[in-house]
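Raw contents of start_35.tsv, TSV, C-alpha atoms:
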chain	number	residue	atom	x	y	z
G	30	MET	CA	3.12	11.35	-3.49
G	31	SER	CA	-0.36	12.76	-3.38
G	32	THR	CA	0.27	16.49	-3.31
G	33	GLN	CA	-2.19	17.42	-6.01
G	34	PRO	CA	-4.38	20.31	-4.93
G	35	PRO	CA	-8.15	19.70	-4.89
G	36	GLY	CA	-9.69	20.29	-8.28
G	37	GLY	CA	-6.41	19.88	-10.17
G	38	PRO	CA	-4.20	22.66	-11.56
G	39	ARG	CA	-5.62	26.18	-11.59
G	40	GLY	CA	-8.89	24.97	-10.02
G	41	MET	CA	-9.79	22.76	-12.99
G	42	ASP	CA	-10.79	19.17	-12.51
G	43	GLU	CA	-8.86	16.37	-14.23
G	44	SER	CA	-11.54	15.81	-16.88
G	45	THR	CA	-11.00	19.41	-18.08
G	46	VAL	CA	-7.20	19.23	-18.05
G	47	LEU	CA	-6.55	15.71	-19.32
G	48	PRO	CA	-7.36	14.22	-22.68
G	49	PRO	CA	-9.87	11.34	-22.72
G	50	GLY	CA	-8.32	8.12	-21.42
G	51	ALA	CA	-5.45	9.86	-19.61
G	52	ASN	CA	-4.84	9.57	-15.87
G	53	PRO	CA	-2.97	11.80	-13.37
G	54	ASP	CA	0.29	10.02	-14.25
G	55	SER	CA	-0.08	10.38	-18.04
G	56	PRO	CA	2.70	12.61	-19.41
G	57	VAL	CA	0.68	15.06	-21.51
G	58	PHE	CA	1.94	18.61	-20.92
G	59	VAL	CA	4.91	20.14	-22.76
G	60	ILE	CA	7.33	22.12	-20.60
G	61	SER	CA	5.87	25.55	-21.43
G	62	VAL	CA	2.34	24.50	-20.45
G	63	ALA	CA	3.58	22.70	-17.34
G	64	ALA	CA	5.57	25.78	-16.31
G	65	GLU	CA	2.49	27.96	-16.70
G	66	LEU	CA	0.27	25.53	-14.77
G	67	ALA	CA	2.83	25.24	-11.96
G	68	GLY	CA	3.48	28.99	-11.88
G	69	LEU	CA	7.19	28.55	-12.57
G	70	HIS	CA	9.65	29.39	-15.33
G	71	ALA	CA	10.50	26.64	-17.84
G	72	GLN	CA	14.18	26.93	-16.90
G	73	THR	CA	13.26	26.15	-13.28
G	74	LEU	CA	11.54	22.96	-14.47
G	75	ARG	CA	14.68	21.98	-16.38
G	76	SER	CA	16.79	22.60	-13.26
G	77	TYR	CA	14.45	20.51	-11.12
G	78	ASP	CA	14.70	17.71	-13.70
G	79	ARG	CA	18.51	17.84	-13.71
G	80	LEU	CA	18.53	17.70	-9.89
G	81	GLY	CA	16.14	14.75	-9.89
G	82	LEU	CA	13.40	16.59	-7.99
G	83	VAL	CA	10.70	16.19	-10.65
G	84	SER	CA	11.46	13.79	-13.48
G	85	PRO	CA	8.88	14.11	-16.25
G	86	GLY	CA	8.19	11.55	-18.93
G	87	ARG	CA	9.76	11.91	-22.33
G	88	SER	CA	8.25	12.07	-25.78
G	89	PRO	CA	9.66	9.82	-28.54
G	90	GLY	CA	11.73	12.84	-29.66
G	91	GLY	CA	13.15	13.34	-26.16
G	92	GLY	CA	11.04	16.34	-25.10
G	93	ARG	CA	9.82	16.57	-21.54
G	94	ARG	CA	6.16	15.70	-20.92
G	95	TYR	CA	4.67	16.51	-17.53
G	96	SER	CA	1.68	14.81	-15.89
G	97	VAL	CA	-0.88	16.36	-13.56
G	98	ARG	CA	0.95	14.63	-10.70
G	99	ASP	CA	4.26	16.18	-11.86
G	100	ILE	CA	2.68	19.63	-11.84
G	101	ALA	CA	1.37	19.08	-8.31
G	102	LEU	CA	4.85	17.98	-7.29
G	103	LEU	CA	6.36	21.10	-8.89
G	104	ARG	CA	3.97	23.20	-6.84
G	105	GLU	CA	4.94	21.30	-3.70
G	106	VAL	CA	8.66	21.82	-4.40
G	107	GLN	CA	8.02	25.53	-4.87
G	108	ARG	CA	5.99	25.70	-1.63
G	109	LEU	CA	8.65	23.87	0.38
G	110	SER	CA	11.32	26.15	-1.05
G	111	GLN	CA	9.55	29.52	-0.84
G	112	VAL	CA	7.19	29.13	2.14
G	113	ASP	CA	9.03	26.65	4.36
G	114	GLY	CA	12.57	27.68	3.40
G	115	VAL	CA	13.79	24.15	2.68
G	116	ASN	CA	16.81	23.93	0.38
G	117	LEU	CA	16.67	21.79	-2.78
G	118	ALA	CA	18.71	18.95	-1.25
G	119	GLY	CA	16.26	18.83	1.65
G	120	ILE	CA	13.31	18.90	-0.74
G	121	LYS	CA	14.79	16.00	-2.71
G	122	ARG	CA	15.14	13.99	0.50
G	123	ILE	CA	11.58	14.84	1.56
G	124	ILE	CA	10.27	13.68	-1.81
G	125	GLU	CA	12.27	10.44	-1.62
G	126	LEU	CA	11.01	9.73	1.89
G	127	GLU	CA	7.39	10.45	0.95
G	128	GLN	CA	7.71	8.10	-2.02
G	129	MET	CA	9.18	5.45	0.27
G	130	VAL	CA	6.31	5.90	2.73
G	131	ASP	CA	3.80	5.50	-0.14
G	132	GLU	CA	5.55	2.31	-1.30
G	133	LEU	CA	5.60	0.93	2.24
G	134	ARG	CA	1.93	1.70	2.71
G	135	GLY	CA	1.21	-0.19	-0.49
G	136	ARG	CA	3.28	-3.12	0.73
G	137	ILE	CA	1.44	-3.09	4.06
G	138	GLU	CA	-1.87	-3.26	2.20
G	139	GLU	CA	-0.58	-6.21	0.13
G	140	LEU	CA	0.62	-8.05	3.24
G	141	ALA	CA	-2.65	-7.37	5.07
G	142	GLU	CA	-4.56	-8.87	2.13
G	143	GLU	CA	-2.24	-11.90	2.07
G	144	LEU	CA	-2.66	-12.35	5.83
G	145	ALA	CA	-6.45	-12.13	5.57
G	146	ALA	CA	-6.44	-14.70	2.76
G	147	ALA	CA	-4.16	-17.03	4.76
G	148	GLN	CA	-6.38	-16.70	7.84
G	149	ALA	CA	-9.49	-17.44	5.78
G	150	ALA	CA	-7.79	-20.49	4.25
G	151	ALA	CA	-6.71	-21.72	7.69
G	152	GLU	CA	-10.22	-21.29	9.07
G	153	GLN	CA	-11.67	-23.13	6.09
G	154	ALA	CA	-9.16	-25.96	6.51
G	155	ALA	CA	-9.96	-26.23	10.22
G	156	ALA	CA	-13.68	-26.32	9.43
G	157	MET	CA	-13.09	-29.13	6.91
G	158	VAL	CA	-11.15	-31.13	9.49
G	159	HIS	CA	-13.90	-30.63	12.05
G	160	GLN	CA	-16.50	-31.76	9.52
G	161	SER	CA	-14.53	-34.94	8.90
G	162	TYR	CA	-14.76	-36.00	12.55
G	163	ARG	CA	-17.03	-39.01	13.10
G	164	ARG	CA	-19.50	-38.39	15.81
G	165	ASP	CA	-20.81	-41.93	16.05
G	166	LEU	CA	-21.72	-43.34	19.42
G	167	VAL	CA	-20.04	-46.62	20.11
G	168	PRO	CA	-22.34	-48.97	22.02
G	169	VAL	CA	-20.81	-50.74	24.99
G	170	ASP	CA	-22.36	-53.99	26.24
G	171	ARG	CA	-22.08	-53.74	30.00
G	172	ARG	CA	-22.95	-57.43	30.46
G	173	SER	CA	-19.69	-58.51	28.98
G	174	ALA	CA	-17.60	-55.93	30.75
G	175	LEU	CA	-14.71	-57.31	32.74
G	176	VAL	CA	-14.35	-56.21	36.33
G	177	VAL	CA	-11.26	-57.00	38.32
G	178	TRP	CA	-11.87	-57.41	42.02
G	179	ARG	CA	-9.05	-57.19	44.47
G	180	PRO	CA	-9.85	-57.62	48.09
G	181	LYS	CA	-8.34	-55.27	50.58
G	182	PRO	CA	-5.54	-56.78	52.59
G	183	ARG	CA	-6.59	-57.86	56.07
G	184	ARG	CA	-5.17	-56.37	59.19
G	185	ASP	CA	-4.93	-58.87	61.91
Would you mind writing the file's structure down as structure tokens?
Amino acid sequence: MSTQPPGGPRGMDESTVLPPGANPDSPVFVISVAAELAGLHAQTLRSYDRLGLVSPGRSPGGGRRYSVRDIALLREVQRLSQVDGVNLAGIKRIIELEQMVDELRGRIEELAEELAAAQAAAEQAAAMVHQSYRRDLVPVDRRSALVVWRPKPRRD
């Protein structure tokens, strides 16, 4: 779900927020930092995790680690709840449906690429077949052609 605000959290771009080599899905923020970046209380983040709204990555010791995308999602959950008045069950369903739409869009792109490749292969195969046609002229000797003559029946 692409709900990340422009410029990343708190108006910073991703190069400022993320360590070198990390991407928006890299779990890098501990819960206290993620809570501050999202403008929420850490206990709210724990509740959202238990409800399955925002499921952060885990460190080897089991601690929650939030990504930039998780923080954007936390902000979206808060917006849906506070501004739009959607309850948490509704928010969970919205998130699931948006993820499904994203997956389906990806699948459509894959199928479109496969279709384009199949069409290109079919066109290439047709071109090869057309190139294999012999376009020789076959001479016909008209002197040795056989003509069958049948007279018209007479009317007497």
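Relative to CA of Met129 (chain G), CA of Ala64 (chain G) is found at 26.5 Å.
Between CA of Leu74 (chain G) and CA of Pro48 (chain G) there is a distance of 22.4 Å.
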Would you list the contacts of Gly86 (chain G) as number ranges by chain, taking every protein, DNA or RNA residue within 9 Å and counting only C-alpha atoms, but skipping same-chain residues closer than 4 positions in sequence?
G: 55-57, 91-96
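Atom to atom, CA of Ala63 (chain G) and CA of Gly90 (chain G) stand 17.8 Å apart.
Nearest-residue note for Gly68 (chain G): choosing from G:Arg108, G:Leu140, G:Asp54, G:Ser88, the minimum distance belongs to G:Arg108, counting all atoms listed in the file.
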